[in-house]
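Below is one structure, written out as structure tokens; the observations come after it.
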Amino acid sequence: MVTIKDVAKKCGFSVCTVSRALSGKGYLKEETRKKIMEAVEELNYRPNTLAVNLKTGRRQTLALILPSLTNIFYTKLEQYMESFASLKGYLLYLCNTEYSLEKEKQVIDNLVGMDIAGVIIFTTSGEHGHIKKLSKFGIPYVYMNRSFEDDMEHCLRLNNKKAAYEAVNYMIRLGHQNIGGIFQSFANGTHQERYEGMMEALDAHGLSCHPGHLLFDVNPEDMGSTPNQILGLLQQPDRPEAIFACNDMMAFNLYRAAYILGLRIPDHLSIFGFDDCIMANFVTPPLSTVSVPAKQMSSLAVDFIHHHIQTGTTKELPLLNASLVIRNSVKNLAMS
């Protein structure tokens with residue numbers, strides 16, 4: 001088993017210095033901290049959280065609240081969260097709300113009773129008063145990819161509108177004009193932001209979207225009804241030649257529907273996703289999508305909670321940008 005002494009030997013600093021870097025206490029030069037954390041990662045060192053807890057009396061468990069465990073984007077994010085939490089000496093407790101506000105409220109109540117150290121949450125709706133009450137119990141929290149004007153200091157945001165704009169703009173530059181869109185419920189504000197980005201891109205090029213080419217309130221994880229909605233869209237006589245999906249799970253449903261109808265991607269239908277989950281590069285053809293900086297988001301979220309636990313103050317959270325990953329699911333009509 002790798003010990004803190006092994007880390008100290010690897011990076012050339014004292015055990016005390018390594019301990020300060022891991023705990024976040026005391027001043028260290030950024031260069032020193034970086035070198036120590038590189039050694040920690042290289043040696044795969046994991047602090048003895050039980051020993052730390054017994055010594056300091058500190059609560060050692062962070063809760064990660066997700067709206068779904070079937071969306072494979074969250075699987076990737078959970079792995080990053082667990083890794084960064086472990087480096088800070090925390091265990092990660094995983095909760096699934098199944099897109100239910102009532103279950104989300106129940107989970108929050110249960111966590112208060114468990115004396116949890118901090119909460120990282122992807123809310124299922126715009127209602128968040130039940131989450132704000134965590135501060136009354138001294139429990140720090142951070143919203144992931146959400147924007148709440150009355151609680152902005154706890155919001156780790158992604159510029160969804162800009163990313164969606166760039167994705168749709170890319171399809172337009174490749175010659176697509178008849179573009180449709182598929183979105184989950186706007187109760188989750190991120191989906192509305194992505195819709196707004198799509199509309200702004202179309203408007204910037206003097207284009208509009210046929211109302212019948214937009215699907216709303218679609219649940220990509222309901223394998224009973226979702227294919228029928230999408231099949232109906234793709235069976236329209238004037239079906240869209242390209243579709244922007246609000247996330248990769250929705251894009252995969254499009255792939256399935258296209259296969260059922262005998263439509264080839266991208267020859268008959270171009271698709272652009274959002275998230276860049278692991279399967280995006282394994283479907284045929286590989287999916288062009290928006291890459292969400294999941295690793296950076298996870299690191300910032302854990303660090304935000306840890307900093308608050310250590311100092312009682314909140315760090316400023318940045319607005320993150322996503323990037324396009326271009327693969328083979330969008331046809332270049334301009335070259336045809």
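Following the order of the structure tokens, chains are lettered A, B, ..., residues in each are numbered from 1, and ligands are numbered from 1.
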
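Every protein, DNA or RNA residue with an atom at most 8 Å from Ala242 (chain A), where only C-alpha atoms count and chain neighbours fewer than 4 positions away do not, is listed here: Met171, His176, Asn178, Ile179, Gly180, Leu269, Ser270, Ile271, Phe272 and Val330 of chain A.
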
Handout entry: Surrounding residues of region 161-168 of chain A excluding itself and chain neighbours under 2 positions, 8 Å, only C-alpha atoms, as a PyMOL selection string
Key = chain A and resi 159+170-172+193-202+244+272+289-290+321-324

Contact table region 182-248 of chain A vs region 144-156 of chain A, cut-off 9 Å, shortest pair per residue, only C-alpha atoms, as a Markdown table:
| residue | atom | partner | partner_atom | distance |
| --- | --- | --- | --- | --- |
| A:Asn188 | CA | A:Arg146 | CA | 8.2 |
| A:Gly189 | CA | A:Arg146 | CA | 7.0 |
| A:Thr190 | CA | A:Arg146 | CA | 6.7 |

How would the residues just chosen look if you wrote them out with N, CA and C atoms as a short mmCIF file (atom, residue, chain, number, x, y, z; two decimals), in the first residue's frame?
data_model
loop_
_atom_site.label_atom_id
_atom_site.label_comp_id
_atom_site.auth_asym_id
_atom_site.auth_seq_id
_atom_site.Cartn_x
_atom_site.Cartn_y
_atom_site.Cartn_z
N ASN A 188 -35.60 21.48 -16.28
CA ASN A 188 -34.15 21.56 -16.16
C ASN A 188 -33.69 22.70 -17.07
N GLY A 189 -33.27 23.80 -16.49
CA GLY A 189 -32.95 25.00 -17.26
C GLY A 189 -31.86 24.82 -18.29
N THR A 190 -31.00 23.80 -18.13
CA THR A 190 -29.93 23.60 -19.10
C THR A 190 -30.49 23.25 -20.48
#

Handout entry: Selection: 7 Å around region 122-136 of chain A, only C-alpha atoms, excl. self and same-chain fewer than 4 positions, as a list in words
Key =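 Returned residues: Ile65, Leu66, Pro67, Tyr99, Ser100, Leu101, Lys105, Ile108, Pro140, Tyr143, Met144, Ala187, Asn188 and Gly189 of chain A.
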
Practice task
Would you mind writing down, as a ChimeraX atom specification, each residue of region 3-159 of chain A that DSSP on the backbone assigns to helix (DSSP H, G or I)?
Solution key: /A:4-11,15-23,30-43,49-56,72-87,101-113,129-137,149-154

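Shortest separation to Val112 (chain A) among A:Gly138, A:Gly175, A:Pro318, A:Gly312 occurs at residue A:Gly138, atoms counted being only C-alpha atoms.
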
Practice task
Name all residues at most 10 Å from Cys16 (chain A) (count only C-alpha atoms; drop same-chain ones fewer than 4 positions away) and give them as a ChimeraX atom specification.
Solution key: /A:4-5,8,20-22

Store the residues picked out above in a file with N, CA and C atoms, as a PDB file, in the first residue's frame.
ATOM      1  N   ILE A   4       1.858   8.064   2.654  1.00  0.00           N
ATOM      2  CA  ILE A   4       2.172   9.473   2.461  1.00  0.00           C
ATOM      3  C   ILE A   4       3.693   9.682   2.411  1.00  0.00           C
ATOM      4  N   LYS A   5       4.436   8.796   3.069  1.00  0.00           N
ATOM      5  CA  LYS A   5       5.900   8.870   3.017  1.00  0.00           C
ATOM      6  C   LYS A   5       6.397   8.576   1.603  1.00  0.00           C
ATOM      7  N   ALA A   8       5.907  11.702  -0.390  1.00  0.00           N
ATOM      8  CA  ALA A   8       6.922  12.702  -0.031  1.00  0.00           C
ATOM      9  C   ALA A   8       8.259  12.388  -0.706  1.00  0.00           C
ATOM     10  N   ARG A  20      -0.104  19.058   4.099  1.00  0.00           N
ATOM     11  CA  ARG A  20      -0.763  20.366   3.926  1.00  0.00           C
ATOM     12  C   ARG A  20      -1.415  20.468   2.551  1.00  0.00           C
ATOM     13  N   ALA A  21      -0.729  19.922   1.535  1.00  0.00           N
ATOM     14  CA  ALA A  21      -1.282  19.970   0.178  1.00  0.00           C
ATOM     15  C   ALA A  21      -2.559  19.157   0.083  1.00  0.00           C
ATOM     16  N   LEU A  22      -2.589  17.999   0.744  1.00  0.00           N
ATOM     17  CA  LEU A  22      -3.754  17.123   0.684  1.00  0.00           C
ATOM     18  C   LEU A  22      -4.927  17.674   1.485  1.00  0.00           C
TER      19      LEU A  22
END

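Closest to His205 (chain A) among A:Asn228, A:Gln177, A:Asn219, A:Gln296 is A:Gln177, based on only C-alpha atoms.
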
Problem - Between CA of Asn71 (chain A) and CA of Leu233 (chain A) - distance in Å to one decimal - result: 22.7 Å

Fill in the blank from the handout: One residue among A:Val15, A:Leu287, A:Val302, A:Ile230 is nearest to Val325 (chain A) when using only C-alpha atoms, and that residue is A:Leu287

Exercise for the section: Report the distance between CA of Ser19 (chain A) and CA of Lys35 (chain A) in Å, rounded to one decimal place. Expected result: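 The value is 13.2 Å.
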
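One finds CA of His213 (chain A) at 11.0 Å from CA of Gln235 (chain A).
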
Handout entry: Phe216 (chain A) surroundings by only C-alpha atoms, 8 Å radius, close-in-sequence under 5 positions cut, as a PyMOL selection string
Key = chain A and resi 182-185

Practice task
Using DSSP on the backbone, list every residue of region 33-252 of chain A that comes out as strand (DSSP E or B), and give them as a VMD selection string.
Solution key: chain A and resid 61 to 66 91 to 96 118 to 121 141 to 144 155 to 158 179 to 182 214 to 215 242 to 245

Problem - Glu221 (chain A) surroundings by only C-alpha atoms, 12 Å radius, close-in-sequence under 6 positions cut, as a list of chain:residue names - result: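 The neighbour list is A:Pro67, A:Ser68, A:Leu69, A:Thr70, A:Asn71, A:Ile72, A:Glu98, A:Tyr99, A:Gln184, A:Pro227, A:Asn247, A:Asp248, A:Met249, A:Met250, A:Ala251, A:Phe252, A:Asn253.
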
Those residues with N, CA and C atoms, as a short mmCIF file (atom, residue, chain, number, x, y, z; two decimals), in the first residue's frame please?
data_model
loop_
_atom_site.label_atom_id
_atom_site.label_comp_id
_atom_site.auth_asym_id
_atom_site.auth_seq_id
_atom_site.Cartn_x
_atom_site.Cartn_y
_atom_site.Cartn_z
N PRO A 67 -29.79 12.97 -11.30
CA PRO A 67 -31.18 12.73 -11.69
C PRO A 67 -31.39 11.39 -12.36
N SER A 68 -30.29 10.70 -12.71
CA SER A 68 -30.41 9.43 -13.42
C SER A 68 -29.12 8.65 -13.32
N LEU A 69 -29.25 7.33 -13.25
CA LEU A 69 -28.07 6.47 -13.29
C LEU A 69 -27.99 5.70 -14.60
N THR A 70 -28.98 5.91 -15.48
CA THR A 70 -28.96 5.24 -16.78
C THR A 70 -28.35 6.12 -17.87
N ASN A 71 -28.24 7.42 -17.62
CA ASN A 71 -27.56 8.31 -18.55
C ASN A 71 -26.05 8.13 -18.36
N ILE A 72 -25.39 7.61 -19.39
CA ILE A 72 -24.00 7.23 -19.22
C ILE A 72 -23.05 8.41 -19.07
N GLU A 98 -34.10 10.04 -9.95
CA GLU A 98 -34.97 9.55 -11.02
C GLU A 98 -35.87 10.67 -11.57
N TYR A 99 -35.31 11.87 -11.70
CA TYR A 99 -36.01 13.04 -12.22
C TYR A 99 -37.25 13.39 -11.40
N GLN A 184 -35.27 17.58 -23.73
CA GLN A 184 -35.95 17.11 -22.53
C GLN A 184 -36.68 18.29 -21.89
N PRO A 227 -39.04 6.22 -28.64
CA PRO A 227 -38.90 5.86 -30.05
C PRO A 227 -40.12 6.25 -30.89
N ASN A 247 -28.85 16.11 -25.67
CA ASN A 247 -27.80 15.32 -25.04
C ASN A 247 -27.55 14.05 -25.86
N ASP A 248 -26.50 13.34 -25.54
CA ASP A 248 -26.12 12.17 -26.33
C ASP A 248 -27.13 11.04 -26.22
N MET A 249 -27.77 10.89 -25.04
CA MET A 249 -28.77 9.83 -24.90
C MET A 249 -29.90 10.04 -25.90
N MET A 250 -30.26 11.31 -26.11
CA MET A 250 -31.29 11.62 -27.10
C MET A 250 -30.78 11.30 -28.51
N ALA A 251 -29.52 11.60 -28.76
CA ALA A 251 -28.93 11.31 -30.06
C ALA A 251 -28.93 9.81 -30.34
N PHE A 252 -28.66 9.00 -29.32
CA PHE A 252 -28.65 7.55 -29.51
C PHE A 252 -30.05 7.03 -29.84
N ASN A 253 -31.07 7.67 -29.28
CA ASN A 253 -32.44 7.31 -29.64
C ASN A 253 -32.71 7.62 -31.11
#

Practice task
Point out the residue among A:Val292, A:Leu111, A:Ile121, A:Gly181 with the least atom-to-atom distance to Cys209 (chain A), counting only C-alpha atoms.
Solution key: A:Gly181
